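*Asks:* Can you keep this structure in mind? I'll have questions shortly.
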Protein chains: 2
Amino acid sequence: MATGDDRTTRARVRTITDLARIAGVSPGTVSRALAGKSLVNAKTREKIVGLAREHGFRPNQMASGLRRQKTGVIGVVIPLGHDARQQISDSFFMTLLGYLADELTQEGYDLMLRRVVPGEDADWLDRFIGSGMIDGVIVIGQSDQFALIEDVADGYLPMVVWGNHKEGQRHCVVGTDNRLGGRLAAERLIAAGARRLAFLGDTGPIEFAARFAGAEDAASRMGVSLVALPTLLSPDRASEEIAAHLAAHEGEIDGIFAATDTLAALCLAALREGGIAVPETVRLVGFDDLPIARQTAPPLTTIRQDIAAGAHGLVQLLLRRLAGEETESLVLPPQLVIRQSA
Amino acid sequence: MATGDDRTTRARVRTITDLARIAGVSPGTVSRALAGKSLVNAKTREKIVGLAREHGFRPNQMASGLRRQKTGVIGVVIPLGHDARQQISDSFFMTLLGYLADELTQEGYDLMLRRVVPGEDADWLDRFIGSGMIDGVIVIGQSDQFALIEDVADGYLPMVVWGNHKEGQRHCVVGTDNRLGGRLAAERLIAAGARRLAFLGDTGPIEFAARFAGAEDAASRMGVSLVALPTLLSPDRASEEIAAHLAAHEGEIDGIFAATDTLAALCLAALREGGIAVPETVRLVGFDDLPIARQTAPPLTTIRQDIAAGAHGLVQLLLRRLAGEETESLVLPPQLVIRQSA
DNA sequence: ATGAAAGCGCTAACAG
DNA sequence: CTGTTAGCGCTTTCAT
């Protein structure tokens, strides 16, 4: 007796108005019911919600966003400043991104991701903010864009940045105390017996510069030498450069502080190829404590950044800024993790 | 004499109408000029574009999207089916995500990222598609959601999935030929002298099941044994499980095919701890050819997936589907990369 | 508790 | 070539 087709008379329900018609109420009521507002008769609400589910109806977020002047989307942008292609630090940023996705989801926000090359698009941050698609923005890494970020921060509250904290800066940043981390790394190398230290990595990015500065603090205080071995961050080139550095300084270095674990792993491979014993001849300390740090041979001694705490902090601070509050920066303590490379 | 404040009389220019007023034209003209449409006087356009730049004005994408019925955003969703937390395969997916971001940007699309736990939200895919925020969707990994994806594919064209291809499936997929990859891996192990093989990894996810099946093909054809060593994918547990497996099968296994490089690296560490020589006593082959594969000791022999090509394929196919075309799946060839572990 | 109506900011006919 | 107008789908007063 049943037709077997409940849908005979129905066109697809796409809009709140469609749903209102089949529910026999006005669009306004449907909107209120679906939004769970207080002033709707319980039965009416039930009926509307049921109908919505039955038809797989979901209100259009763009229309809703336009009307309410908010999008429910947070922008996450990764500026690729020093090296347009894959940064070697990608694995760190990508891990952070994963945590951010989880944290934002939990707070009911969607995540819009952009990778930008500031050199090609000087306007990257304003463009993102001005797009009207996002309620706030998280910048992953200051790269070489510190000044630009400072400028934007003056006129735009809902922005939080992952990176290094500098005395008196105006933008809200979350990040590890890189200088302290650098100090810990150098101290460990020295405690392990090293007297002629090297810093492996580009000192251009401000985070890395701070790590180097921290290592310098320790080195000069303890009266040991420290040279910088600048290294581009692209993975293919890095290996060669590292090998060249090692060759150039053969026998002159007995302790290496690598700016990231990824670099440290590469360095370890180069040392192995050169037949240099770690940690006996050269001690090595990394930074980040990525999963790879446990898997090298020998496992890496490194400076741990608490990525989960970082992501949590970024999102919580952003939420407060979205609510209009001016928040302070959050500096997280690094932690020395001793394994076997130093 | 200048006031030093050009902005005296100006309110902030937020809308196309604001800009139209100060340009002395109508909103329609501004819209056309900014969109670079043909039918606008060159001078008028110049003036409008100049004014827009000067005031840092950018049209609101949500409003534009609403009106044009397209958003300029592609959704990228990672279903976390088998393991709600960080999958060990994260590093692979994250790398793919990086490439996707670049490809989509290049095509003028923004990327909206979601990680979902299908177990907690059976409606994850419909919800994303129905949000009205995205023009199309890329699903990274079929996880255990094959059936659901098939269902959705019947009624929604602009979707492409990264994963395994199965004869006669209805959704458009891009991925490596996992079965062939598995075959190559097992053949390599055998060529390197192994006769008692093991597959290390969970065979639940369809990609991994195919890799295992491929290994079985080779093993049975060559008359060697193959056992499955199921391993959960969460990083903390994996290490212990692998060690337990190795202990349980001590001396019975002389060739291991790990489902991913990450697993292989973990396995290598466990073998080292157990004092088992690689590749002399046990040969080891991984899958993916992630950066880590070069950095282990010994470097991993592995099956390479061309991630860049995969990302490119995903985006190009999606673009064609957005244009209304029904596209075929794209199966990429895996490639054996011989290093030193087998 | 519900309906009617007015827009959010933009674009695309349709006129001129 | 440009202005005018009518919405895109939704939320929110303001009435009732």
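Scheme for the structure tokens: letters A, B, ... for chains in order shown; per-chain residue numbers from 1; ligand numbers from 1 in order shown.
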What's the 10 Å shell around DG9 in chain D, counting only C-alpha atoms (C1' of nucleotides), without same-chain residues fewer than 3 positions away, as a list in words?

*Replies:*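 Close residues of DG9 in chain D: Arg14, Thr15, Ile16, Thr17, Pro59, Asn60, Gln61, Met62, Ala63, Ser64, Leu66 and Arg67 of chain A; Leu66 and Arg67 of chain B.
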
*Asks:* Only residues of chain A matter here; which ones have an atom within 8 Å of chain B, counting only C-alpha atoms? Give them as a PDB file with all heavy atoms, in the first residue's frame.

*Replies:*
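Below you can see part_21.pdb, which holds the result:
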ATOM      1  N   PHE A  57      19.297  17.708   6.052  1.00  0.00           N
ATOM      2  CA  PHE A  57      19.473  19.156   5.860  1.00  0.00           C
ATOM      3  C   PHE A  57      20.465  19.746   6.863  1.00  0.00           C
ATOM      4  O   PHE A  57      20.444  19.417   8.044  1.00  0.00           O
ATOM      5  CB  PHE A  57      18.141  19.884   5.994  1.00  0.00           C
ATOM      6  CG  PHE A  57      18.320  21.371   6.033  1.00  0.00           C
ATOM      7  CD1 PHE A  57      18.575  22.070   4.865  1.00  0.00           C
ATOM      8  CD2 PHE A  57      18.283  22.068   7.235  1.00  0.00           C
ATOM      9  CE1 PHE A  57      18.775  23.443   4.901  1.00  0.00           C
ATOM     10  CE2 PHE A  57      18.483  23.439   7.277  1.00  0.00           C
ATOM     11  CZ  PHE A  57      18.724  24.123   6.105  1.00  0.00           C
ATOM     12  N   ARG A  58      21.293  20.635   6.355  1.00  0.00           N
ATOM     13  CA  ARG A  58      22.226  21.362   7.208  1.00  0.00           C
ATOM     14  C   ARG A  58      22.263  22.804   6.741  1.00  0.00           C
ATOM     15  O   ARG A  58      22.423  23.052   5.549  1.00  0.00           O
ATOM     16  CB  ARG A  58      23.621  20.762   7.097  1.00  0.00           C
ATOM     17  CG  ARG A  58      23.996  19.856   8.249  1.00  0.00           C
ATOM     18  CD  ARG A  58      25.267  19.129   7.920  1.00  0.00           C
ATOM     19  NE  ARG A  58      25.002  18.123   6.915  1.00  0.00           N
ATOM     20  CZ  ARG A  58      24.650  16.872   7.194  1.00  0.00           C
ATOM     21  NH1 ARG A  58      24.534  16.495   8.434  1.00  0.00           N
ATOM     22  NH2 ARG A  58      24.413  16.006   6.244  1.00  0.00           N
ATOM     23  N   PRO A  59      22.101  23.727   7.647  1.00  0.00           N
ATOM     24  CA  PRO A  59      22.087  25.136   7.224  1.00  0.00           C
ATOM     25  C   PRO A  59      23.411  25.547   6.588  1.00  0.00           C
ATOM     26  O   PRO A  59      24.467  25.087   6.994  1.00  0.00           O
ATOM     27  CB  PRO A  59      21.838  25.911   8.517  1.00  0.00           C
ATOM     28  CG  PRO A  59      22.032  24.939   9.618  1.00  0.00           C
ATOM     29  CD  PRO A  59      21.846  23.575   9.065  1.00  0.00           C
ATOM     30  N   ASN A  60      23.317  26.367   5.608  1.00  0.00           N
ATOM     31  CA  ASN A  60      24.499  26.839   4.884  1.00  0.00           C
ATOM     32  C   ASN A  60      25.336  27.789   5.749  1.00  0.00           C
ATOM     33  O   ASN A  60      24.892  28.865   6.136  1.00  0.00           O
ATOM     34  CB  ASN A  60      24.022  27.549   3.617  1.00  0.00           C
ATOM     35  CG  ASN A  60      25.171  28.047   2.788  1.00  0.00           C
ATOM     36  OD1 ASN A  60      26.091  28.658   3.313  1.00  0.00           O
ATOM     37  ND2 ASN A  60      25.125  27.777   1.505  1.00  0.00           N
ATOM     38  N   GLN A  61      26.555  27.359   5.997  1.00  0.00           N
ATOM     39  CA  GLN A  61      27.407  28.129   6.899  1.00  0.00           C
ATOM     40  C   GLN A  61      27.838  29.464   6.328  1.00  0.00           C
ATOM     41  O   GLN A  61      28.172  30.382   7.068  1.00  0.00           O
ATOM     42  CB  GLN A  61      28.661  27.334   7.243  1.00  0.00           C
ATOM     43  CG  GLN A  61      28.462  26.287   8.323  1.00  0.00           C
ATOM     44  CD  GLN A  61      29.792  25.824   8.884  1.00  0.00           C
ATOM     45  OE1 GLN A  61      30.582  26.622   9.368  1.00  0.00           O
ATOM     46  NE2 GLN A  61      30.042  24.532   8.808  1.00  0.00           N
ATOM     47  N   MET A  62      27.902  29.560   5.018  1.00  0.00           N
ATOM     48  CA  MET A  62      28.332  30.837   4.448  1.00  0.00           C
ATOM     49  C   MET A  62      27.248  31.888   4.649  1.00  0.00           C
ATOM     50  O   MET A  62      27.532  33.023   5.014  1.00  0.00           O
ATOM     51  CB  MET A  62      28.601  30.684   2.961  1.00  0.00           C
ATOM     52  CG  MET A  62      29.714  29.724   2.666  1.00  0.00           C
ATOM     53  SD  MET A  62      30.682  30.291   1.262  1.00  0.00           S
ATOM     54  CE  MET A  62      32.112  30.936   2.073  1.00  0.00           C
ATOM     55  N   ALA A  63      26.017  31.472   4.414  1.00  0.00           N
ATOM     56  CA  ALA A  63      24.921  32.414   4.601  1.00  0.00           C
ATOM     57  C   ALA A  63      24.816  32.818   6.063  1.00  0.00           C
ATOM     58  O   ALA A  63      24.688  33.994   6.400  1.00  0.00           O
ATOM     59  CB  ALA A  63      23.617  31.785   4.127  1.00  0.00           C
ATOM     60  N   GLY A  65      27.157  32.694   8.231  1.00  0.00           N
ATOM     61  CA  GLY A  65      28.313  33.499   8.560  1.00  0.00           C
ATOM     62  C   GLY A  65      28.152  34.935   8.106  1.00  0.00           C
ATOM     63  O   GLY A  65      28.463  35.881   8.832  1.00  0.00           O
ATOM     64  N   LEU A  66      27.658  35.090   6.919  1.00  0.00           N
ATOM     65  CA  LEU A  66      27.491  36.440   6.379  1.00  0.00           C
ATOM     66  C   LEU A  66      26.547  37.256   7.273  1.00  0.00           C
ATOM     67  O   LEU A  66      26.829  38.383   7.640  1.00  0.00           O
ATOM     68  CB  LEU A  66      26.907  36.350   4.972  1.00  0.00           C
ATOM     69  CG  LEU A  66      26.660  37.674   4.273  1.00  0.00           C
ATOM     70  CD1 LEU A  66      27.947  38.480   4.190  1.00  0.00           C
ATOM     71  CD2 LEU A  66      26.087  37.452   2.888  1.00  0.00           C
ATOM     72  N   SER A  91      58.548  19.052   9.520  1.00  0.00           N
ATOM     73  CA  SER A  91      57.998  17.996  10.355  1.00  0.00           C
ATOM     74  C   SER A  91      57.551  18.564  11.694  1.00  0.00           C
ATOM     75  O   SER A  91      56.540  18.136  12.243  1.00  0.00           O
ATOM     76  CB  SER A  91      58.997  16.858  10.531  1.00  0.00           C
ATOM     77  OG  SER A  91      60.255  17.382  10.855  1.00  0.00           O
ATOM     78  N   MET A  94      54.298  20.573  10.960  1.00  0.00           N
ATOM     79  CA  MET A  94      53.195  19.692  10.603  1.00  0.00           C
ATOM     80  C   MET A  94      52.640  18.992  11.844  1.00  0.00           C
ATOM     81  O   MET A  94      51.436  18.782  11.952  1.00  0.00           O
ATOM     82  CB  MET A  94      53.671  18.666   9.579  1.00  0.00           C
ATOM     83  CG  MET A  94      53.815  19.269   8.187  1.00  0.00           C
ATOM     84  SD  MET A  94      52.193  19.745   7.510  1.00  0.00           S
ATOM     85  CE  MET A  94      52.660  20.710   6.095  1.00  0.00           C
ATOM     86  N   ALA A 101      44.693  21.295  14.752  1.00  0.00           N
ATOM     87  CA  ALA A 101      43.438  20.833  14.160  1.00  0.00           C
ATOM     88  C   ALA A 101      42.548  20.228  15.239  1.00  0.00           C
ATOM     89  O   ALA A 101      41.347  20.516  15.322  1.00  0.00           O
ATOM     90  CB  ALA A 101      43.717  19.819  13.058  1.00  0.00           C
ATOM     91  N   ASP A 102      43.164  19.413  16.087  1.00  0.00           N
ATOM     92  CA  ASP A 102      42.380  18.782  17.148  1.00  0.00           C
ATOM     93  C   ASP A 102      41.839  19.807  18.135  1.00  0.00           C
ATOM     94  O   ASP A 102      40.676  19.771  18.523  1.00  0.00           O
ATOM     95  CB  ASP A 102      43.236  17.750  17.882  1.00  0.00           C
ATOM     96  CG  ASP A 102      43.562  16.559  16.984  1.00  0.00           C
ATOM     97  OD1 ASP A 102      42.871  16.383  15.967  1.00  0.00           O
ATOM     98  OD2 ASP A 102      44.498  15.818  17.306  1.00  0.00           O
ATOM     99  N   THR A 105      39.042  21.949  16.512  1.00  0.00           N
ATOM    100  CA  THR A 105      37.832  21.152  16.343  1.00  0.00           C
ATOM    101  C   THR A 105      37.083  21.070  17.661  1.00  0.00           C
ATOM    102  O   THR A 105      35.863  21.238  17.727  1.00  0.00           O
ATOM    103  CB  THR A 105      38.191  19.724  15.884  1.00  0.00           C
ATOM    104  OG1 THR A 105      38.916  19.802  14.666  1.00  0.00           O
ATOM    105  CG2 THR A 105      36.937  18.894  15.680  1.00  0.00           C
ATOM    106  N   ASP A 110      36.474  25.506  12.579  1.00  0.00           N
ATOM    107  CA  ASP A 110      37.128  24.874  11.452  1.00  0.00           C
ATOM    108  C   ASP A 110      38.457  25.550  11.199  1.00  0.00           C
ATOM    109  O   ASP A 110      38.707  26.662  11.669  1.00  0.00           O
ATOM    110  CB  ASP A 110      36.239  24.971  10.198  1.00  0.00           C
ATOM    111  CG  ASP A 110      35.407  23.713  10.037  1.00  0.00           C
ATOM    112  OD1 ASP A 110      35.965  22.615  10.139  1.00  0.00           O
ATOM    113  OD2 ASP A 110      34.184  23.849   9.818  1.00  0.00           O
ATOM    114  N   LEU A 111      39.279  24.873  10.429  1.00  0.00           N
ATOM    115  CA  LEU A 111      40.647  25.329  10.214  1.00  0.00           C
ATOM    116  C   LEU A 111      40.896  25.544   8.734  1.00  0.00           C
ATOM    117  O   LEU A 111      40.699  24.651   7.925  1.00  0.00           O
ATOM    118  CB  LEU A 111      41.587  24.262  10.782  1.00  0.00           C
ATOM    119  CG  LEU A 111      43.089  24.511  10.815  1.00  0.00           C
ATOM    120  CD1 LEU A 111      43.733  23.498  11.747  1.00  0.00           C
ATOM    121  CD2 LEU A 111      43.721  24.435   9.454  1.00  0.00           C
ATOM    122  N   MET A 112      41.313  26.743   8.408  1.00  0.00           N
ATOM    123  CA  MET A 112      41.650  27.026   7.024  1.00  0.00           C
ATOM    124  C   MET A 112      43.157  27.204   6.932  1.00  0.00           C
ATOM    125  O   MET A 112      43.727  28.030   7.633  1.00  0.00           O
ATOM    126  CB  MET A 112      40.961  28.304   6.607  1.00  0.00           C
ATOM    127  CG  MET A 112      41.130  28.574   5.182  1.00  0.00           C
ATOM    128  SD  MET A 112      39.512  29.027   4.576  1.00  0.00           S
ATOM    129  CE  MET A 112      40.004  30.327   3.537  1.00  0.00           C
ATOM    130  N   LEU A 113      43.761  26.398   6.071  1.00  0.00           N
ATOM    131  CA  LEU A 113      45.218  26.350   6.022  1.00  0.00           C
ATOM    132  C   LEU A 113      45.779  27.061   4.803  1.00  0.00           C
ATOM    133  O   LEU A 113      45.295  26.883   3.696  1.00  0.00           O
ATOM    134  CB  LEU A 113      45.667  24.889   5.982  1.00  0.00           C
ATOM    135  CG  LEU A 113      47.156  24.626   5.861  1.00  0.00           C
ATOM    136  CD1 LEU A 113      47.885  25.098   7.109  1.00  0.00           C
ATOM    137  CD2 LEU A 113      47.413  23.154   5.613  1.00  0.00           C
ATOM    138  N   ARG A 114      46.816  27.871   5.035  1.00  0.00           N
ATOM    139  CA  ARG A 114      47.522  28.481   3.911  1.00  0.00           C
ATOM    140  C   ARG A 114      49.017  28.386   4.114  1.00  0.00           C
ATOM    141  O   ARG A 114      49.516  28.671   5.196  1.00  0.00           O
ATOM    142  CB  ARG A 114      47.179  29.967   3.786  1.00  0.00           C
ATOM    143  CG  ARG A 114      45.965  30.230   2.984  1.00  0.00           C
ATOM    144  CD  ARG A 114      45.889  31.694   2.592  1.00  0.00           C
ATOM    145  NE  ARG A 114      44.526  31.986   2.166  1.00  0.00           N
ATOM    146  CZ  ARG A 114      44.116  33.159   1.725  1.00  0.00           C
ATOM    147  NH1 ARG A 114      44.967  34.166   1.655  1.00  0.00           N
ATOM    148  NH2 ARG A 114      42.881  33.328   1.364  1.00  0.00           N
ATOM    149  N   ARG A 115      49.703  28.013   3.075  1.00  0.00           N
ATOM    150  CA  ARG A 115      51.149  28.173   3.073  1.00  0.00           C
ATOM    151  C   ARG A 115      51.439  29.330   2.150  1.00  0.00           C
ATOM    152  O   ARG A 115      50.928  29.350   1.023  1.00  0.00           O
ATOM    153  CB  ARG A 115      51.824  26.907   2.559  1.00  0.00           C
ATOM    154  CG  ARG A 115      51.359  25.681   3.294  1.00  0.00           C
ATOM    155  CD  ARG A 115      52.487  24.775   3.608  1.00  0.00           C
ATOM    156  NE  ARG A 115      52.971  24.056   2.460  1.00  0.00           N
ATOM    157  CZ  ARG A 115      53.984  23.175   2.552  1.00  0.00           C
ATOM    158  NH1 ARG A 115      54.567  22.960   3.698  1.00  0.00           N
ATOM    159  NH2 ARG A 115      54.376  22.538   1.488  1.00  0.00           N
ATOM    160  N   ARG A 127      45.931  39.976   3.416  1.00  0.00           N
ATOM    161  CA  ARG A 127      45.035  39.349   2.465  1.00  0.00           C
ATOM    162  C   ARG A 127      44.215  38.249   3.136  1.00  0.00           C
ATOM    163  O   ARG A 127      43.012  38.121   2.920  1.00  0.00           O
ATOM    164  CB  ARG A 127      45.833  38.752   1.310  1.00  0.00           C
ATOM    165  CG  ARG A 127      44.964  38.208   0.181  1.00  0.00           C
ATOM    166  CD  ARG A 127      45.682  37.159  -0.632  1.00  0.00           C
ATOM    167  NE  ARG A 127      46.877  37.651  -1.292  1.00  0.00           N
ATOM    168  CZ  ARG A 127      46.858  38.557  -2.252  1.00  0.00           C
ATOM    169  NH1 ARG A 127      45.711  39.072  -2.654  1.00  0.00           N
ATOM    170  NH2 ARG A 127      47.959  38.947  -2.800  1.00  0.00           N
ATOM    171  N   GLY A 130      41.838  39.882   5.627  1.00  0.00           N
ATOM    172  CA  GLY A 130      40.816  40.660   4.947  1.00  0.00           C
ATOM    173  C   GLY A 130      39.873  39.839   4.086  1.00  0.00           C
ATOM    174  O   GLY A 130      38.912  40.365   3.533  1.00  0.00           O
ATOM    175  N   SER A 131      40.137  38.559   3.986  1.00  0.00           N
ATOM    176  CA  SER A 131      39.333  37.738   3.082  1.00  0.00           C
ATOM    177  C   SER A 131      37.892  37.605   3.552  1.00  0.00           C
ATOM    178  O   SER A 131      37.005  37.265   2.780  1.00  0.00           O
ATOM    179  CB  SER A 131      39.949  36.346   2.967  1.00  0.00           C
ATOM    180  OG  SER A 131      39.768  35.624   4.167  1.00  0.00           O
ATOM    181  N   GLY A 132      37.683  37.863   4.828  1.00  0.00           N
ATOM    182  CA  GLY A 132      36.332  37.705   5.338  1.00  0.00           C
ATOM    183  C   GLY A 132      35.971  36.252   5.603  1.00  0.00           C
ATOM    184  O   GLY A 132      34.848  35.946   5.989  1.00  0.00           O
ATOM    185  N   MET A 133      36.926  35.374   5.409  1.00  0.00           N
ATOM    186  CA  MET A 133      36.629  33.957   5.593  1.00  0.00           C
ATOM    187  C   MET A 133      37.004  33.458   6.982  1.00  0.00           C
ATOM    188  O   MET A 133      36.678  32.335   7.333  1.00  0.00           O
ATOM    189  CB  MET A 133      37.411  33.129   4.553  1.00  0.00           C
ATOM    190  CG  MET A 133      36.987  33.389   3.129  1.00  0.00           C
ATOM    191  SD  MET A 133      35.478  32.510   2.717  1.00  0.00           S
ATOM    192  CE  MET A 133      36.129  30.841   2.543  1.00  0.00           C
ATOM    193  N   ALA A 265      69.678  14.579  12.662  1.00  0.00           N
ATOM    194  CA  ALA A 265      69.650  13.234  12.084  1.00  0.00           C
ATOM    195  C   ALA A 265      70.498  13.188  10.813  1.00  0.00           C
ATOM    196  O   ALA A 265      71.253  12.246  10.582  1.00  0.00           O
ATOM    197  CB  ALA A 265      68.206  12.826  11.783  1.00  0.00           C
ATOM    198  N   LEU A 266      70.355  14.225  10.022  1.00  0.00           N
ATOM    199  CA  LEU A 266      71.164  14.323   8.810  1.00  0.00           C
ATOM    200  C   LEU A 266      72.643  14.362   9.179  1.00  0.00           C
ATOM    201  O   LEU A 266      73.486  13.715   8.540  1.00  0.00           O
ATOM    202  CB  LEU A 266      70.794  15.629   8.090  1.00  0.00           C
ATOM    203  CG  LEU A 266      70.034  15.610   6.767  1.00  0.00           C
ATOM    204  CD1 LEU A 266      69.199  14.364   6.566  1.00  0.00           C
ATOM    205  CD2 LEU A 266      69.161  16.851   6.650  1.00  0.00           C
ATOM    206  N   ALA A 269      74.031  11.062  10.164  1.00  0.00           N
ATOM    207  CA  ALA A 269      74.317  10.214   8.997  1.00  0.00           C
ATOM    208  C   ALA A 269      75.646  10.618   8.370  1.00  0.00           C
ATOM    209  O   ALA A 269      76.458   9.766   8.003  1.00  0.00           O
ATOM    210  CB  ALA A 269      73.180  10.336   7.985  1.00  0.00           C
ATOM    211  N   ILE A 292      61.618  11.161  15.425  1.00  0.00           N
ATOM    212  CA  ILE A 292      62.845  10.665  14.827  1.00  0.00           C
ATOM    213  C   ILE A 292      63.993  10.617  15.826  1.00  0.00           C
ATOM    214  O   ILE A 292      64.913   9.809  15.693  1.00  0.00           O
ATOM    215  CB  ILE A 292      63.254  11.531  13.610  1.00  0.00           C
ATOM    216  CG1 ILE A 292      64.358  10.836  12.827  1.00  0.00           C
ATOM    217  CG2 ILE A 292      63.684  12.900  14.025  1.00  0.00           C
ATOM    218  CD1 ILE A 292      64.867  11.640  11.662  1.00  0.00           C
ATOM    219  N   GLN A 295      64.751   7.345  17.159  1.00  0.00           N
ATOM    220  CA  GLN A 295      64.965   6.261  16.206  1.00  0.00           C
ATOM    221  C   GLN A 295      66.328   6.279  15.543  1.00  0.00           C
ATOM    222  O   GLN A 295      66.666   5.382  14.785  1.00  0.00           O
ATOM    223  CB  GLN A 295      63.860   6.296  15.138  1.00  0.00           C
ATOM    224  CG  GLN A 295      62.499   6.021  15.720  1.00  0.00           C
ATOM    225  CD  GLN A 295      61.384   6.386  14.759  1.00  0.00           C
ATOM    226  OE1 GLN A 295      61.625   6.594  13.582  1.00  0.00           O
ATOM    227  NE2 GLN A 295      60.166   6.457  15.260  1.00  0.00           N
ATOM    228  N   THR A 296      67.101   7.293  15.801  1.00  0.00           N
ATOM    229  CA  THR A 296      68.427   7.317  15.208  1.00  0.00           C
ATOM    230  C   THR A 296      69.351   6.397  16.006  1.00  0.00           C
ATOM    231  O   THR A 296      69.004   5.930  17.087  1.00  0.00           O
ATOM    232  CB  THR A 296      69.006   8.744  15.235  1.00  0.00           C
ATOM    233  OG1 THR A 296      68.975   9.218  16.582  1.00  0.00           O
ATOM    234  CG2 THR A 296      68.197   9.677  14.366  1.00  0.00           C
ATOM    235  N   ALA A 297      70.526   6.151  15.443  1.00  0.00           N
ATOM    236  CA  ALA A 297      71.510   5.348  16.143  1.00  0.00           C
ATOM    237  C   ALA A 297      72.803   6.129  16.212  1.00  0.00           C
ATOM    238  O   ALA A 297      73.402   6.380  15.178  1.00  0.00           O
ATOM    239  CB  ALA A 297      71.732   4.034  15.403  1.00  0.00           C
TER     240      ALA A 297
END

*Asks:* Can you tell me, as a ChimeraX atom specification, what residues are no more than 9 Å from Glu103 in chain A when counting only C-alpha atoms (C1' of nucleotides), ignoring any on the same chain fewer than 5 positions away?

*Replies:* /A:98,108-109,311-312,315-316

*Asks:* With only C-alpha atoms (C1' of nucleotides) as the counted atoms, please give the residues lying no more than 12 Å from DG3 in chain C, apart from itself and same-chain residues fewer than 2 positions off, as an NGL selection string.

*Replies:* (:A and (20 or 24-30)) or (:C and (1 or 5)) or (:D and (14-16))

*Asks:* With C-alpha atoms (C1' of nucleotides) kept, could you save the residues just selected as a compact mmCIF listing (two decimals), in the first residue's frame?

*Replies:*
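File written: out21.txt
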# COMPACT_ATOMS: atom_id res chain seq x y z
CA ALA A 20 9.98 25.58 6.87
CA GLY A 24 4.42 24.19 8.16
CA VAL A 25 6.24 26.95 10.01
CA SER A 26 8.15 30.06 9.10
CA PRO A 27 11.84 30.17 8.23
CA GLY A 28 12.53 32.15 11.35
CA THR A 29 11.20 29.38 13.52
CA VAL A 30 13.29 26.78 11.75
C1' DA C 1 5.89 31.05 20.78
C1' DA C 5 10.49 41.70 7.01
C1' DC D 14 9.87 43.87 15.67
C1' DA D 15 5.27 42.74 15.90
C1' DT D 16 1.63 39.87 17.24

*Asks:* For chain D, which of B:Arg21, B:Arg12, B:Arg183, B:Arg68 is the closest residue, counting only C-alpha atoms (C1' of nucleotides)?

*Replies:*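 When distances to chain D are compared using only C-alpha atoms (C1' of nucleotides), the smallest one comes from B:Arg68.
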
*Asks:* Any chance you could list, as a PyMOL selection string, the residues in range 13-219 of chain B that come up alpha helix (DSSP H) when DSSP is run on the backbone?

*Replies:* chain B and resi 16-23+27-34+42-54+61-68+90-106+124-130+146-155+178-191+206-219
